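Have a look at query_7.cif; it's mmCIF, C-alpha atoms:
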```
data_work
#
loop_
_atom_site.label_atom_id
_atom_site.label_comp_id
_atom_site.auth_asym_id
_atom_site.auth_seq_id
_atom_site.Cartn_x
_atom_site.Cartn_y
_atom_site.Cartn_z
CA MET A 1 38.85 -19.49 11.30
CA GLY A 2 39.20 -21.11 14.75
CA LYS A 3 36.63 -20.13 17.35
CA GLY A 4 39.36 -19.94 19.99
CA LEU A 5 41.20 -17.13 18.21
CA ARG A 6 40.85 -13.55 19.31
CA TRP A 7 38.99 -11.24 16.93
CA THR A 8 42.12 -9.18 16.18
CA GLU A 9 44.14 -12.36 15.72
CA GLN A 10 41.60 -13.70 13.24
CA TRP A 11 41.77 -10.59 11.10
CA MET A 12 45.55 -10.42 11.36
CA ARG A 13 45.75 -14.01 10.14
CA ARG A 14 43.60 -13.07 7.16
CA ALA A 15 45.87 -10.07 6.52
CA LEU A 16 48.96 -12.29 6.75
CA TRP A 17 47.45 -14.72 4.24
CA LEU A 18 46.96 -11.72 1.99
CA VAL A 19 50.64 -10.88 2.52
CA ALA A 20 51.51 -14.44 1.52
CA PHE A 21 49.53 -14.19 -1.73
CA VAL A 22 50.90 -10.73 -2.54
CA PHE A 23 54.44 -11.94 -1.90
CA ALA A 24 53.79 -14.95 -4.15
CA GLY A 25 52.39 -12.62 -6.83
CA PHE A 26 55.53 -10.48 -6.88
CA LEU A 27 57.73 -13.58 -6.97
CA ILE A 28 55.66 -14.95 -9.86
CA GLY A 29 56.00 -11.64 -11.71
CA LEU A 30 59.76 -11.68 -11.24
CA GLY A 31 59.87 -15.32 -12.31
CA ASN A 32 57.89 -14.52 -15.46
CA GLN A 33 60.42 -11.83 -16.37
CA VAL A 34 63.25 -14.31 -15.95
CA VAL A 35 61.44 -17.03 -17.93
CA ASP A 36 60.55 -14.62 -20.73
CA ASN A 37 64.24 -13.78 -21.13
CA ILE A 38 65.34 -17.42 -21.15
CA ILE A 39 64.34 -17.71 -24.81
CA TYR A 40 67.10 -15.26 -25.71
CA LEU A 41 69.66 -17.74 -24.39
CA ALA A 42 68.78 -20.12 -27.23
CA PRO A 43 67.90 -18.08 -30.35
CA VAL A 44 66.41 -20.07 -33.22
CA PRO A 45 67.70 -19.15 -36.72
CA ASP A 46 65.29 -19.23 -39.64
CA ALA A 47 65.54 -21.61 -42.58
CA GLU A 48 67.43 -19.11 -44.78
CA HIS A 49 70.27 -19.22 -42.24
CA PHE A 50 71.04 -22.81 -43.29
CA LEU A 51 71.10 -22.12 -47.06
CA ASP A 52 74.30 -22.22 -49.11
CA PRO A 53 74.80 -18.57 -50.20
CA ALA A 54 76.55 -19.66 -53.40
CA LYS A 55 73.46 -21.59 -54.47
CA ALA A 56 70.72 -19.53 -52.86
CA GLY A 57 71.92 -16.14 -54.13
CA PRO A 58 71.52 -16.80 -57.88
CA LEU A 59 68.17 -18.52 -57.34
CA GLN A 60 66.84 -15.64 -55.26
CA ALA A 61 68.05 -13.14 -57.87
CA ALA A 62 66.44 -15.18 -60.67
CA SER A 63 63.19 -15.37 -58.72
CA ARG A 64 63.20 -11.62 -58.13
CA GLN A 65 63.91 -10.89 -61.77
CA ALA A 66 61.18 -13.27 -62.91
CA LYS A 67 58.75 -11.69 -60.50
CA GLU A 68 59.60 -8.20 -61.71
CA ALA A 69 59.28 -9.33 -65.35
CA ARG A 70 55.92 -10.91 -64.62
CA GLU A 71 54.65 -7.79 -62.86
CA GLU A 72 55.80 -5.63 -65.77
CA ALA A 73 54.24 -8.04 -68.30
CA ASP A 74 50.97 -8.03 -66.36
CA SER A 75 50.97 -4.24 -66.34
CA VAL A 76 51.60 -4.02 -70.10
CA LEU A 77 49.01 -6.76 -70.70
CA GLU A 78 46.45 -4.80 -68.73
CA GLN A 79 47.09 -1.74 -70.92
CA ALA A 80 46.85 -3.84 -74.10
CA GLN A 81 43.58 -5.38 -72.94
CA GLN A 82 42.22 -1.92 -72.24
CA LYS A 83 43.19 -0.73 -75.74
CA HIS A 84 41.60 -3.84 -77.24
CA SER A 85 38.41 -3.19 -75.29
CA VAL A 86 38.34 0.40 -76.59
CA ALA A 87 38.89 -0.83 -80.17
CA GLN A 88 36.09 -3.35 -79.75
CA ALA A 89 33.77 -0.64 -78.47
CA ASN A 90 34.66 1.65 -81.36
CA THR A 91 34.08 -1.12 -83.92
CA LYS A 92 30.78 -2.09 -82.33
CA SER A 93 29.58 1.51 -82.27
CA ALA A 94 30.64 2.10 -85.87
CA ARG A 95 29.05 -1.17 -87.01
CA GLU A 96 25.75 -0.27 -85.37
CA ALA A 97 25.81 3.17 -86.99
CA PHE A 98 26.71 1.61 -90.35
CA ASP A 99 23.88 -0.93 -90.10
CA ASN A 100 21.42 1.82 -89.28
CA TRP A 101 22.65 3.89 -92.23
CA ILE A 102 22.36 0.88 -94.55
CA ALA A 103 18.80 0.32 -93.43
CA THR A 104 18.02 3.95 -94.19
CA ARG A 105 19.82 3.70 -97.56
CA GLN A 106 17.74 0.68 -98.55
CA ALA A 107 14.57 2.43 -97.53
CA THR A 108 15.27 5.56 -99.59
CA ALA A 109 17.19 3.83 -102.44
CA ARG A 110 19.05 7.04 -103.29
CA PRO A 111 21.96 6.45 -105.79
CA ASP A 112 23.68 9.70 -104.80
CA GLN A 113 24.64 8.09 -101.45
CA ASP A 114 26.79 5.30 -102.97
CA ALA A 115 30.02 7.29 -102.43
CA GLU A 116 29.19 7.79 -98.78
CA LEU A 117 28.45 4.05 -98.47
CA ILE A 118 31.91 3.25 -99.78
CA ALA A 119 33.51 5.77 -97.38
CA ARG A 120 31.64 4.43 -94.39
CA ASN A 121 32.60 0.89 -95.29
CA ARG A 122 36.26 1.90 -95.49
CA GLU A 123 36.07 3.58 -92.07
CA LEU A 124 34.53 0.44 -90.62
CA ASP A 125 37.30 -1.68 -92.17
CA LYS A 126 39.89 0.58 -90.53
CA LEU A 127 38.25 0.11 -87.12
CA VAL A 128 38.11 -3.64 -87.60
CA ALA A 129 41.80 -3.63 -88.55
CA ALA A 130 42.62 -1.55 -85.47
CA GLU A 131 40.69 -4.01 -83.33
CA ARG A 132 42.61 -6.91 -84.81
CA THR A 133 45.90 -5.07 -84.22
CA ALA A 134 44.93 -4.46 -80.58
CA LEU A 135 43.96 -8.11 -80.21
CA ALA A 136 47.30 -9.20 -81.66
CA ALA A 137 49.08 -6.96 -79.14
CA VAL A 138 47.06 -8.55 -76.34
CA GLU A 139 47.96 -12.04 -77.53
CA VAL A 140 51.65 -11.14 -77.75
CA GLN A 141 51.59 -9.65 -74.27
CA GLU A 142 49.71 -12.66 -72.90
CA GLN A 143 52.51 -14.85 -74.22
CA VAL A 144 55.08 -12.60 -72.57
CA ALA A 145 53.18 -12.72 -69.27
CA LEU A 146 52.86 -16.51 -69.52
CA ASP A 147 56.59 -16.88 -70.14
CA ALA A 148 57.35 -14.63 -67.16
CA LYS A 149 54.93 -16.60 -64.97
CA GLN A 150 56.50 -19.90 -65.94
CA ALA A 151 60.00 -18.49 -65.41
CA GLN A 152 59.02 -17.32 -61.93
CA ALA A 153 57.43 -20.69 -61.12
CA LYS A 154 60.58 -22.46 -62.28
CA ALA A 155 62.83 -20.20 -60.19
CA ASP A 156 60.54 -20.57 -57.15
CA ALA A 157 60.49 -24.35 -57.53
CA ALA A 158 64.29 -24.46 -57.68
CA TYR A 159 64.54 -22.24 -54.61
CA GLU A 160 61.91 -24.32 -52.81
CA ALA A 161 63.88 -27.49 -53.54
CA LEU A 162 66.96 -25.83 -52.03
CA LEU A 163 64.91 -24.60 -49.05
CA GLN A 164 63.49 -27.98 -48.01
CA PRO A 165 66.68 -29.31 -46.34
CA ALA A 166 67.20 -25.90 -44.76
CA ARG A 167 63.71 -26.04 -43.24
CA GLN A 168 64.44 -29.44 -41.75
CA ALA A 169 67.68 -28.08 -40.33
CA ALA A 170 65.80 -25.10 -38.88
CA PHE A 171 63.21 -27.45 -37.36
CA ASP A 172 65.96 -29.55 -35.76
CA ALA A 173 67.59 -26.38 -34.42
CA GLU A 174 64.26 -25.25 -33.00
CA ARG A 175 63.82 -28.58 -31.20
CA ARG A 176 67.34 -28.35 -29.78
CA ALA A 177 66.65 -24.79 -28.62
CA ALA A 178 63.37 -25.91 -27.03
CA ARG A 179 65.18 -28.67 -25.17
CA LYS A 180 67.82 -26.21 -24.03
CA VAL A 181 65.21 -23.75 -22.79
CA PHE A 182 63.37 -26.58 -21.02
CA LEU A 183 66.56 -27.73 -19.29
CA ILE A 184 67.17 -24.15 -18.14
CA ARG A 185 63.60 -23.99 -16.85
CA LEU A 186 64.16 -27.33 -15.11
CA GLY A 187 67.41 -26.11 -13.60
CA VAL A 188 65.63 -23.07 -12.21
CA THR A 189 62.44 -24.81 -11.07
CA LEU A 190 63.85 -27.89 -9.30
CA PRO A 191 65.87 -25.88 -6.72
CA LEU A 192 62.76 -23.79 -6.08
CA LEU A 193 60.75 -26.96 -5.42
CA LEU A 194 63.46 -28.34 -3.12
CA VAL A 195 63.60 -25.11 -1.14
CA ALA A 196 59.79 -25.00 -1.01
CA GLY A 197 59.75 -28.60 0.28
CA VAL A 198 62.23 -27.77 3.04
CA LEU A 199 60.28 -24.66 4.00
CA PHE A 200 57.01 -26.61 4.05
CA LYS A 201 58.52 -29.25 6.29
CA CYS A 202 60.36 -26.97 8.71
CA LYS A 203 59.00 -23.42 8.52
CA ARG A 204 55.35 -23.50 7.46
CA ASN A 205 54.20 -22.70 11.00
CA GLY A 206 57.11 -20.46 11.94
CA THR A 207 57.07 -16.79 12.81
CA TYR A 208 57.45 -15.70 9.19
CA TRP A 209 55.02 -18.25 7.76
CA PRO A 210 53.40 -15.77 5.27
CA PHE A 211 56.68 -15.51 3.37
CA THR A 212 57.17 -19.26 3.59
CA TRP A 213 53.75 -19.96 2.10
CA GLY A 214 54.23 -17.20 -0.48
CA PHE A 215 57.42 -18.88 -1.67
CA ILE A 216 55.68 -22.28 -1.71
CA PHE A 217 52.87 -20.89 -3.90
CA PHE A 218 55.48 -19.36 -6.19
CA ALA A 219 57.37 -22.67 -6.50
CA LEU A 220 54.16 -24.56 -7.29
CA PHE A 221 53.22 -21.97 -9.91
CA ALA A 222 56.69 -22.23 -11.45
CA PHE A 223 56.35 -26.02 -11.64
CA PHE A 224 52.80 -26.36 -12.94
CA VAL A 225 52.69 -23.26 -15.19
CA GLU A 226 56.26 -22.49 -16.22
CA LEU A 227 57.64 -26.05 -16.49
CA VAL A 228 54.99 -28.76 -16.97
CA PRO A 229 53.40 -27.24 -20.15
CA TYR A 230 56.85 -27.15 -21.77
CA LEU A 231 57.71 -30.78 -21.13
CA PRO A 232 58.84 -32.50 -24.35
CA SER A 233 55.97 -34.65 -25.54
CA TYR A 234 57.48 -37.44 -27.66
CA GLY A 235 54.00 -38.73 -28.34
CA GLY A 236 52.87 -38.14 -24.76
CA TYR A 237 55.26 -40.67 -23.20
CA VAL A 238 57.37 -38.07 -21.38
CA ARG A 239 54.42 -36.14 -19.96
CA TYR A 240 52.57 -39.24 -18.82
CA GLY A 241 55.82 -40.64 -17.43
CA VAL A 242 56.53 -37.46 -15.49
CA GLY A 243 52.95 -37.43 -14.25
CA ILE A 244 53.34 -40.99 -12.98
CA VAL A 245 56.64 -40.19 -11.25
CA VAL A 246 55.26 -37.03 -9.59
CA THR A 247 52.11 -38.89 -8.51
CA VAL A 248 54.18 -41.72 -7.01
CA ILE A 249 56.45 -39.28 -5.14
CA VAL A 250 53.56 -37.22 -3.77
CA GLY A 251 51.48 -40.30 -3.00
CA ARG A 252 54.41 -42.00 -1.25
CA TYR A 253 55.01 -38.89 0.85
CA ALA A 254 51.30 -38.66 1.71
CA ILE A 255 51.14 -42.34 2.68
CA ARG A 256 54.26 -42.11 4.86
CA TRP A 257 52.98 -38.91 6.47
CA LEU A 258 49.62 -40.54 7.17
CA HIS A 259 51.22 -43.59 8.79
CA ALA A 260 53.54 -41.39 10.85
CA TRP A 261 50.60 -39.23 11.92
CA LEU A 262 48.55 -42.29 12.90
CA ALA A 263 51.50 -43.58 14.90
CA ARG A 264 51.81 -40.25 16.71
CA GLN A 265 48.08 -40.19 17.34
CA LYS A 266 48.14 -43.68 18.83
CA ALA A 267 51.11 -42.77 20.98
CA ALA A 268 49.39 -39.55 22.13
CA GLU A 269 46.15 -41.35 22.89
CA ALA A 270 48.08 -43.78 25.09
CA LEU A 271 49.34 -40.92 27.27
CA PRO A 272 47.55 -39.87 30.45
CA ASP A 273 44.85 -37.23 30.04
CA ALA A 274 46.80 -34.40 31.69
CA GLU A 275 49.99 -35.09 29.73
CA ARG A 276 48.09 -35.31 26.49
CA ARG A 277 46.59 -31.86 27.01
CA THR A 278 50.02 -30.23 27.24
CA THR A 279 50.69 -31.16 23.57
CA MET A 280 47.49 -29.53 22.28
CA ARG A 281 47.07 -25.93 21.07
CA TYR A 282 44.17 -23.93 22.43
CA ASP A 283 43.05 -22.44 19.10
CA VAL A 284 43.23 -25.85 17.37
CA VAL A 285 41.20 -27.44 20.16
CA MET A 286 38.50 -24.78 19.91
CA GLU A 287 38.39 -25.11 16.13
CA ARG A 288 37.94 -28.89 16.30
CA ILE A 289 35.23 -28.59 18.94
CA GLY A 290 33.45 -26.09 16.72
CA LYS A 291 33.52 -28.68 13.94
CA GLY A 292 31.98 -31.35 16.20
CA VAL A 293 35.04 -33.60 16.46
CA CYS A 294 37.18 -34.69 19.37
CA PRO A 295 40.13 -32.27 19.80
CA SER A 296 42.46 -35.20 20.42
CA CYS A 297 41.52 -38.07 18.06
CA GLU A 298 39.47 -35.93 15.59
CA ARG A 299 36.61 -38.42 15.48
CA ALA A 300 33.00 -37.21 15.31
CA THR A 301 31.59 -36.46 18.76
CA ASN A 302 28.07 -35.49 19.84
CA TYR A 303 28.64 -32.41 22.00
CA LYS A 304 24.87 -31.88 22.35
CA ASP A 305 24.64 -34.95 24.58
CA GLU A 306 24.32 -33.55 28.12
CA GLN A 307 25.66 -36.79 29.57
CA LEU A 308 28.87 -36.59 27.55
CA ALA A 309 31.97 -36.22 29.72
CA HIS A 310 34.72 -38.08 27.89
CA CYS A 311 35.43 -38.91 24.24
CA PRO A 312 34.00 -42.37 23.55
CA HIS A 313 36.86 -43.03 21.11
CA CYS A 314 40.03 -41.99 22.95
CA GLY A 315 38.82 -41.30 26.49
CA ILE A 316 40.04 -37.73 26.86
CA GLY A 317 37.94 -35.56 29.14
CA LEU A 318 35.67 -33.20 27.22
CA PHE A 319 33.51 -31.76 30.00
CA ASP A 320 34.12 -31.17 33.70
CA ARG A 321 32.71 -29.01 36.45
CA CYS A 322 33.92 -25.67 37.71
CA PRO A 323 35.57 -26.08 41.16
CA ALA A 324 34.02 -22.79 42.31
CA CYS A 325 30.38 -22.97 41.11
CA ASN A 326 30.11 -26.63 40.04
CA THR A 327 28.76 -25.63 36.59
CA ARG A 328 29.24 -28.17 33.81
CA LYS A 329 31.66 -26.63 31.32
CA ASN A 330 34.03 -27.40 28.47
CA ALA A 331 37.12 -29.04 29.93
CA PHE A 332 39.40 -27.10 27.56
CA THR A 333 38.24 -23.55 28.25
CA ARG A 334 40.53 -21.48 30.44
CA TYR A 335 37.77 -19.80 32.43
CA CYS A 336 34.37 -20.84 33.65
CA PHE A 337 31.69 -19.23 31.54
CA SER A 338 29.39 -18.98 34.58
CA CYS A 339 31.53 -17.50 37.35
CA GLY A 340 34.76 -16.61 35.52
CA THR A 341 37.00 -18.75 37.73
CA ARG A 342 40.27 -19.70 36.04
CA ALA A 343 40.36 -23.37 35.14
CA ASN A 344 43.35 -25.63 35.56
CA VAL A 345 43.96 -25.95 31.80
CA SER A 346 47.49 -26.39 30.46
CA LEU A 347 47.06 -25.99 26.70
CA ALA A 348 49.70 -24.43 24.47
CA ASP A 349 48.93 -21.04 22.88
#
```
Show me, as structure tokens, the structure contained in the file I just sent.
Amino acid sequence: MGKGLRWTEQWMRRALWLVAFVFAGFLIGLGNQVVDNIIYLAPVPDAEHFLDPAKAGPLQAASRQAKEAREEADSVLEQAQQKHSVAQANTKSAREAFDNWIATRQATARPDQDAELIARNRELDKLVAAERTALAAVEVQEQVALDAKQAQAKADAAYEALLQPARQAAFDAERRAARKVFLIRLGVTLPLLLVAGVLFKCKRNGTYWPFTWGFIFFALFAFFVELVPYLPSYGGYVRYGVGIVVTVIVGRYAIRWLHAWLARQKAAEALPDAERRTTMRYDVVMERIGKGVCPSCERATNYKDEQLAHCPHCGIGLFDRCPACNTRKNAFTRYCFSCGTRANVSLAD
């Protein structure tokens, strides 16, 4: 902050900058609401929207039926496998018991147990037959499940073949919608940039400068955040092209401004000392002196040199003496720091 500003003025300027940023924040929030609703102006239908109902309907119904049949077949197959597992367990348990009994029978060699041997063998045969029956049921159900799976795959493949052109159509529609949304964004952002440019040129130092700068920040945010990321890429050509155009425009403006400023500086430096001072602002002069540069030509100046009286670059007077007490003082201050006598300084506020 400039050293020539009053303490209250310094803090008020900080507060006004805060007002500018708060104002920009509310504008950005409002802009985000508008941008978020732009997408509803160009809704994108899904791929099913582009399907022929006369063709898609039967395929979807066939796919649903095949899926339901497969799910039912899988459920029945799971039950059959469970029954087969139980039959296997029963057969295994009975076979182990039978083998143990046979071992005992051979050890004792008792003929009166031959009838029981035959009965046990018949029971084991029944369990083996039940196991084979359960296995046959599993095999049948596996075939049913396989047929249902293949039927579903066939129906899905047919539907997928029908869906491919629809997906391409949906993709094309999405690209058209994206272009439409971008053009709407462009139509909203460009006027904001134009208004911001006019305000920057004409009103950035006006009475209501906080609102001017707040709107400028909002316009820059809208351009760099709400527009640039949504530029169509086309392999990067559009974005790089836009970047080149924006850089050329900004660079051209900066170059022209610099040349115009240099021309004004040369013209001002050619004016007499007293006339040149009338075009300078007091707070700007004090700020430049605090930075160690000439308040007129802005070149580096050694203010610690006690012999310094005029700028060695442009010749403007930097130090003079108080007419009342003859104290060496800054030629731009309005009062003598030693005796308080008002100096003959004609700087703008």
Skip A:Phe319 itself and residues of its chain fewer than 5 positions away, then list as a compact mmCIF listing (two decimals) with C-alpha atoms, in the coordinates of the input all residues within 10 Å of it, counting only C-alpha atoms.
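Once everything was written out, this is part-v7.txt:
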```txt
# COMPACT_ATOMS: atom_id res chain seq x y z
CA TYR A 303 28.64 -32.41 22.00
CA GLU A 306 24.32 -33.55 28.12
CA GLN A 307 25.66 -36.79 29.57
CA LEU A 308 28.87 -36.59 27.55
CA ALA A 309 31.97 -36.22 29.72
CA HIS A 310 34.72 -38.08 27.89
CA CYS A 311 35.43 -38.91 24.24
CA ARG A 328 29.24 -28.17 33.81
CA LYS A 329 31.66 -26.63 31.32
CA ASN A 330 34.03 -27.40 28.47
CA ALA A 331 37.12 -29.04 29.93
CA PHE A 332 39.40 -27.10 27.56
CA THR A 333 38.24 -23.55 28.25
```
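Pairwise distance (atom CA of A:Tyr159, atom CA of A:Ser63) equals 8.1 Å.
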- Considering all atoms listed in the file, return as a ChimeraX atom specification whatever protein or nucleic-acid residues lie within 10 Å of A:Val35, sequence-local ones (same chain, fewer than 5 positions apart) excluded. /A:29-30,40,181,184-185,188,222,226-227
Go ahead and save the residues from that selection, with C-alpha atoms, as a PDB file, in the frame of the given file.
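Result file again_27.pdb:
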```
ATOM      1  CA  GLY A  29      56.000 -11.640 -11.710  1.00  0.00           C
ATOM      2  CA  LEU A  30      59.760 -11.680 -11.240  1.00  0.00           C
ATOM      3  CA  TYR A  40      67.100 -15.260 -25.710  1.00  0.00           C
ATOM      4  CA  VAL A 181      65.210 -23.750 -22.790  1.00  0.00           C
ATOM      5  CA  ILE A 184      67.170 -24.150 -18.140  1.00  0.00           C
ATOM      6  CA  ARG A 185      63.600 -23.990 -16.850  1.00  0.00           C
ATOM      7  CA  VAL A 188      65.630 -23.070 -12.210  1.00  0.00           C
ATOM      8  CA  ALA A 222      56.690 -22.230 -11.450  1.00  0.00           C
ATOM      9  CA  GLU A 226      56.260 -22.490 -16.220  1.00  0.00           C
ATOM     10  CA  LEU A 227      57.640 -26.050 -16.490  1.00  0.00           C
TER      11      LEU A 227
END
```
- Item | Counting all atoms listed in the file, the residue of A:Met286, A:Leu16, A:Ala54, A:Val293 that sits nearest A:His313 | A:Val293
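The two atoms in question, atom CA of A:Leu27 and atom CA of A:Leu194, are spaced 16.3 Å apart.
Omitting A:Gln265 and its sequence neighbours fewer than 6 positions away, and counting all atoms listed in the file, the residues within 10 Å are His259, Ser296, Cys297, Glu298 and Cys314 of chain A.
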- Message: Residues near A:Val225, anyone? I mean within 12 Å using only C-alpha atoms, not counting same-chain ones fewer than 3 positions away, as an NGL selection string.
- Response: :A and (28 or 31-32 or 35 or 185 or 189 or 217-222 or 228-231)
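All protein and nucleic acid residues in the vicinity of (29.7, -27.7, 37.6), that is within 12 Å when counting all atoms listed in the file, are Ala309, Phe319, Asp320, Arg321, Cys322, Pro323, Ala324, Cys325, Asn326, Thr327, Arg328, Lys329, Asn330, Ala331, Cys336, Phe337, Ser338, Cys339, Thr341 and Ala343 of chain A.
Comparing the minimum interatomic distances between A:Ala73 and each of A:Gln88, A:Met12, A:Asn37, A:Ala145, counting only C-alpha atoms, we find that A:Ala145 sits nearest.
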- Item | the PyMOL selection byres ((chain A and resi 266-280) around 8) resolved against shown file, as a PyMOL selection string | chain A and resi 262-265+281-282+284-285+296-297+314+316-317+346-348
Could you rebuild stretch 254-271 of chain A with N, CA and C atoms and give me the result as a compact mmCIF listing (two decimals), in the coordinates of the input?
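Saved result, selection23.txt, follows:
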```txt
# COMPACT_ATOMS: atom_id res chain seq x y z
N ALA A 254 52.57 -38.74 0.99
CA ALA A 254 51.30 -38.66 1.71
C ALA A 254 51.05 -39.92 2.53
N ILE A 255 51.36 -41.09 1.96
CA ILE A 255 51.14 -42.34 2.68
C ILE A 255 52.05 -42.42 3.91
N ARG A 256 53.33 -42.07 3.73
CA ARG A 256 54.26 -42.11 4.86
C ARG A 256 53.85 -41.10 5.93
N TRP A 257 53.41 -39.92 5.49
CA TRP A 257 52.98 -38.91 6.47
C TRP A 257 51.76 -39.40 7.24
N LEU A 258 50.82 -40.04 6.51
CA LEU A 258 49.62 -40.54 7.17
C LEU A 258 49.96 -41.60 8.21
N HIS A 259 50.84 -42.54 7.85
CA HIS A 259 51.22 -43.59 8.79
C HIS A 259 51.95 -43.00 9.99
N ALA A 260 52.83 -42.03 9.73
CA ALA A 260 53.54 -41.39 10.85
C ALA A 260 52.56 -40.64 11.75
N TRP A 261 51.60 -39.97 11.14
CA TRP A 261 50.60 -39.23 11.92
C TRP A 261 49.76 -40.18 12.75
N LEU A 262 49.33 -41.30 12.15
CA LEU A 262 48.55 -42.29 12.90
C LEU A 262 49.36 -42.85 14.06
N ALA A 263 50.66 -43.07 13.81
CA ALA A 263 51.50 -43.58 14.90
C ALA A 263 51.61 -42.56 16.03
N ARG A 264 51.74 -41.28 15.68
CA ARG A 264 51.81 -40.25 16.71
C ARG A 264 50.49 -40.14 17.46
N GLN A 265 49.39 -40.26 16.70
CA GLN A 265 48.08 -40.19 17.34
C GLN A 265 47.89 -41.34 18.33
N LYS A 266 48.28 -42.54 17.93
CA LYS A 266 48.14 -43.68 18.83
C LYS A 266 49.01 -43.51 20.07
N ALA A 267 50.23 -43.00 19.83
CA ALA A 267 51.11 -42.77 20.98
C ALA A 267 50.54 -41.70 21.90
N ALA A 268 49.97 -40.63 21.31
CA ALA A 268 49.39 -39.55 22.13
C ALA A 268 48.18 -40.03 22.88
N GLU A 269 47.35 -40.86 22.24
CA GLU A 269 46.15 -41.35 22.89
C GLU A 269 46.46 -42.31 24.02
N ALA A 270 47.68 -42.88 24.00
CA ALA A 270 48.08 -43.78 25.09
C ALA A 270 48.59 -43.03 26.30
N LEU A 271 48.84 -41.71 26.16
CA LEU A 271 49.34 -40.92 27.27
C LEU A 271 48.22 -40.61 28.25
```
